Amino acid sequence: MMPIPLSEVAQFVEENIGKFHERRLERLQNLKLKEVLKRKNPYLFKAKNIHVAHDLVKSLLDAFLSSQEETVFGEFLEQLAIFVCKRAYGGRKSSSEGIDLEFEKDGVVYLVSVKSGPNWGNSQQIKKMRSAFQKAIKTLRTNQPKINVQAVNGCCYGKEYRDYGDYIKMCGQEFWTFISGNERVYLDIIEPLGHRAKERNEAFQREYARIINLFTDEFSRDFCQNGMINWEKLVAFNSEKRIRKKELNTKIHIPPLPEK
């Protein structure tokens with residue numbers, strides 16, 4: 001194991017965190033109101049008793065951006081984890097599909113699927129990860145039947161640790177220590193994450209305010225009537241059944257009148 005200088009971790013974070021802010025801003029600028037409206041549950045916002053167009057638009061946008069940011073930042077954390085492990089144990093991006101990181105430690109080859117947090121997937125997604133582990137292990141053992149391989153689901157935050165038999169799940173400090181050999185790395189990455197965060201967030205907030213105003217104006221024109229939200233029109237836009245081509249081409253059969 002090679003000890004990792006904190007300065008190198010800080011440098012990597014400072015050089016790459018800007019990409020997160022850039023993608024975050026880019027996704028905001030490329031949003032279309034009606035695309036957001038199609039993806040969110042209108043019944044939820046009615047149940048929350050929202051009557052002001054601005055409040056509804058802001059709630060929709062915030063919910064949409066939150067899920068987007070979680071995905072983008074999760075990708076950054078995965079890259080950071082690979083960098084840290086590369087410096088400590090010679091870790092590398094795995095060539096196996098569905099596996100993020102591969103490295104050897106104490107005579108064991110570890111195959112790691114890196115996730116942002118512990119509650120990252122449903123049963124089907126977990127099943128897919130397990131399948132990826134199985135395929136990767138089978139490939140490794142094709143030429144090395146006796147190789148010692150361990151599958152790991154590593155989560156960048158949280159406290160969960162559990163051995164599922166076919167893979168181990170470890171989170172937070174335990175995961176960062178596992179890939180770095182340093183029990184403080186999970187704390188050391190916090191400070192450089194704030195590199196130029198203030199000015200970057202100010203730029204984002206200016207664009208956010210502009211988008212909120214534009215979306216509110218568009219929403220008021222298209223989904224309000226006499227100053228009130230037209231919930232039926234909004235729900236119909238979100239959920240109304242589409243007329244399929246087959247239905248359009250179907251001719252109505254009118255039986256002939258009975259003969260007299």
# chains A, B, ... in the order shown; residues from 1 in each chain; ligands from 1

$ closest_atom_pairs --of "stretch 25-80 of chain A" --to "stretch 222-231 of chain A" --cutoff "10 Å" --atoms "only C-alpha atoms" --output "Markdown table"
| residue | atom | partner | partner_atom | distance |
| --- | --- | --- | --- | --- |
| A:Pro42 | CA | A:Trp231 | CA | 8.2 |
| A:Tyr43 | CA | A:Trp231 | CA | 9.0 |
| A:Phe45 | CA | A:Trp231 | CA | 9.9 |
| A:Lys46 | CA | A:Trp231 | CA | 7.8 |
| A:Ile50 | CA | A:Ile229 | CA | 9.0 |
| A:His51 | CA | A:Ile229 | CA | 6.5 |
| A:Val52 | CA | A:Ile229 | CA | 7.5 |
| A:Ala53 | CA | A:Ile229 | CA | 6.8 |
| A:Leu56 | CA | A:Ile229 | CA | 9.4 |

$ write_last_selection --atoms "C-alpha atoms" --output "short mmCIF file (atom, residue, chain, number, x, y, z; two decimals), in the first residue's frame"
data_model
loop_
_atom_site.label_atom_id
_atom_site.label_comp_id
_atom_site.auth_asym_id
_atom_site.auth_seq_id
_atom_site.Cartn_x
_atom_site.Cartn_y
_atom_site.Cartn_z
CA PRO A 42 -49.21 16.05 -10.37
CA TYR A 43 -51.41 14.31 -7.77
CA PHE A 45 -48.58 18.55 -5.67
CA LYS A 46 -52.37 18.80 -5.52
CA ILE A 50 -50.36 24.21 -3.70
CA HIS A 51 -52.37 27.01 -5.32
CA VAL A 52 -49.68 29.49 -6.46
CA ALA A 53 -48.11 28.89 -9.88
CA LEU A 56 -45.78 24.72 -7.89
#

$ closest_residue --among "A:Ile179, A:Lys146, A:Asp55, A:Ser95" --to "A:Val114" --atoms "only C-alpha atoms"
A:Ile179

$ residues_around --residues "A:Pro118" --least-positions-apart "6" --cutoff "10 Å" --atoms "only C-alpha atoms" --output "PyMOL selection string"
chain A and resi 153-161+169-172

$ write_last_selection --atoms "N, CA, C and O atoms" --output "PDB file, in the first residue's frame"
ATOM      1  N   ASN A 153     -19.916  -4.100  -2.817  1.00  0.00           N
ATOM      2  CA  ASN A 153     -20.742  -2.928  -3.137  1.00  0.00           C
ATOM      3  C   ASN A 153     -20.304  -1.814  -2.184  1.00  0.00           C
ATOM      4  O   ASN A 153     -20.609  -1.846  -1.007  1.00  0.00           O
ATOM      5  N   GLY A 154     -19.538  -0.861  -2.702  1.00  0.00           N
ATOM      6  CA  GLY A 154     -19.018   0.222  -1.867  1.00  0.00           C
ATOM      7  C   GLY A 154     -19.851   1.477  -2.002  1.00  0.00           C
ATOM      8  O   GLY A 154     -20.120   1.939  -3.113  1.00  0.00           O
ATOM      9  N   CYS A 155     -20.276   2.030  -0.873  1.00  0.00           N
ATOM     10  CA  CYS A 155     -21.117   3.233  -0.868  1.00  0.00           C
ATOM     11  C   CYS A 155     -20.355   4.383  -0.206  1.00  0.00           C
ATOM     12  O   CYS A 155     -19.789   4.221   0.872  1.00  0.00           O
ATOM     13  N   CYS A 156     -20.365   5.541  -0.847  1.00  0.00           N
ATOM     14  CA  CYS A 156     -19.507   6.649  -0.423  1.00  0.00           C
ATOM     15  C   CYS A 156     -19.956   7.316   0.870  1.00  0.00           C
ATOM     16  O   CYS A 156     -19.169   8.028   1.487  1.00  0.00           O
ATOM     17  N   TYR A 157     -21.205   7.130   1.265  1.00  0.00           N
ATOM     18  CA  TYR A 157     -21.620   7.633   2.575  1.00  0.00           C
ATOM     19  C   TYR A 157     -22.565   6.630   3.226  1.00  0.00           C
ATOM     20  O   TYR A 157     -23.087   5.722   2.568  1.00  0.00           O
ATOM     21  N   GLY A 158     -22.774   6.796   4.519  1.00  0.00           N
ATOM     22  CA  GLY A 158     -23.624   5.873   5.267  1.00  0.00           C
ATOM     23  C   GLY A 158     -22.810   5.025   6.227  1.00  0.00           C
ATOM     24  O   GLY A 158     -21.583   5.122   6.294  1.00  0.00           O
ATOM     25  N   LYS A 159     -23.490   4.168   6.989  1.00  0.00           N
ATOM     26  CA  LYS A 159     -22.824   3.357   8.012  1.00  0.00           C
ATOM     27  C   LYS A 159     -23.035   1.857   7.839  1.00  0.00           C
ATOM     28  O   LYS A 159     -22.522   1.070   8.618  1.00  0.00           O
ATOM     29  N   GLU A 160     -23.788   1.465   6.831  1.00  0.00           N
ATOM     30  CA  GLU A 160     -24.152   0.053   6.702  1.00  0.00           C
ATOM     31  C   GLU A 160     -22.958  -0.828   6.352  1.00  0.00           C
ATOM     32  O   GLU A 160     -22.099  -0.457   5.551  1.00  0.00           O
ATOM     33  N   TYR A 161     -22.906  -2.002   6.967  1.00  0.00           N
ATOM     34  CA  TYR A 161     -21.944  -3.041   6.599  1.00  0.00           C
ATOM     35  C   TYR A 161     -22.678  -4.367   6.696  1.00  0.00           C
ATOM     36  O   TYR A 161     -23.280  -4.687   7.727  1.00  0.00           O
ATOM     37  N   LYS A 169     -21.371  -5.492   1.382  1.00  0.00           N
ATOM     38  CA  LYS A 169     -21.745  -4.087   1.251  1.00  0.00           C
ATOM     39  C   LYS A 169     -21.092  -3.309   2.388  1.00  0.00           C
ATOM     40  O   LYS A 169     -21.242  -3.661   3.556  1.00  0.00           O
ATOM     41  N   MET A 170     -20.342  -2.274   2.039  1.00  0.00           N
ATOM     42  CA  MET A 170     -19.722  -1.437   3.055  1.00  0.00           C
ATOM     43  C   MET A 170     -19.885   0.028   2.683  1.00  0.00           C
ATOM     44  O   MET A 170     -19.848   0.384   1.501  1.00  0.00           O
ATOM     45  N   CYS A 171     -20.090   0.866   3.695  1.00  0.00           N
ATOM     46  CA  CYS A 171     -20.445   2.261   3.443  1.00  0.00           C
ATOM     47  C   CYS A 171     -19.580   3.225   4.261  1.00  0.00           C
ATOM     48  O   CYS A 171     -19.025   2.865   5.299  1.00  0.00           O
ATOM     49  N   GLY A 172     -19.534   4.465   3.783  1.00  0.00           N
ATOM     50  CA  GLY A 172     -18.925   5.547   4.533  1.00  0.00           C
ATOM     51  C   GLY A 172     -17.464   5.329   4.866  1.00  0.00           C
ATOM     52  O   GLY A 172     -16.667   4.913   4.026  1.00  0.00           O
TER      53      GLY A 172
END

$ closest_atom_pairs --of "stretch 175-204 of chain A" --to "stretch 74-80 of chain A" --cutoff "12 Å" --atoms "only C-alpha atoms" --output "tab-separated table"
residue	atom	partner	partner_atom	distance
A:Phe175	CA	A:Glu78	CA	11.9
A:Trp176	CA	A:Leu80	CA	10.3
A:Ile179	CA	A:Leu80	CA	10.8
A:Ser180	CA	A:Leu80	CA	11.1
A:Val185	CA	A:Leu80	CA	11.1
A:Tyr186	CA	A:Leu80	CA	11.1
A:Ile189	CA	A:Leu80	CA	9.3
A:Ile190	CA	A:Leu77	CA	11.6
A:Leu193	CA	A:Leu77	CA	10.6

$ atom_distance --atom1 "atom CA of A:Asn119" --atom2 "atom CA of A:Lys86"
25.8 Å

$ closest_residue --among "A:Asn182, A:Glu14, A:Ala197, A:Ser220" --to "A:Tyr89" --atoms "only C-alpha atoms"
A:Asn182
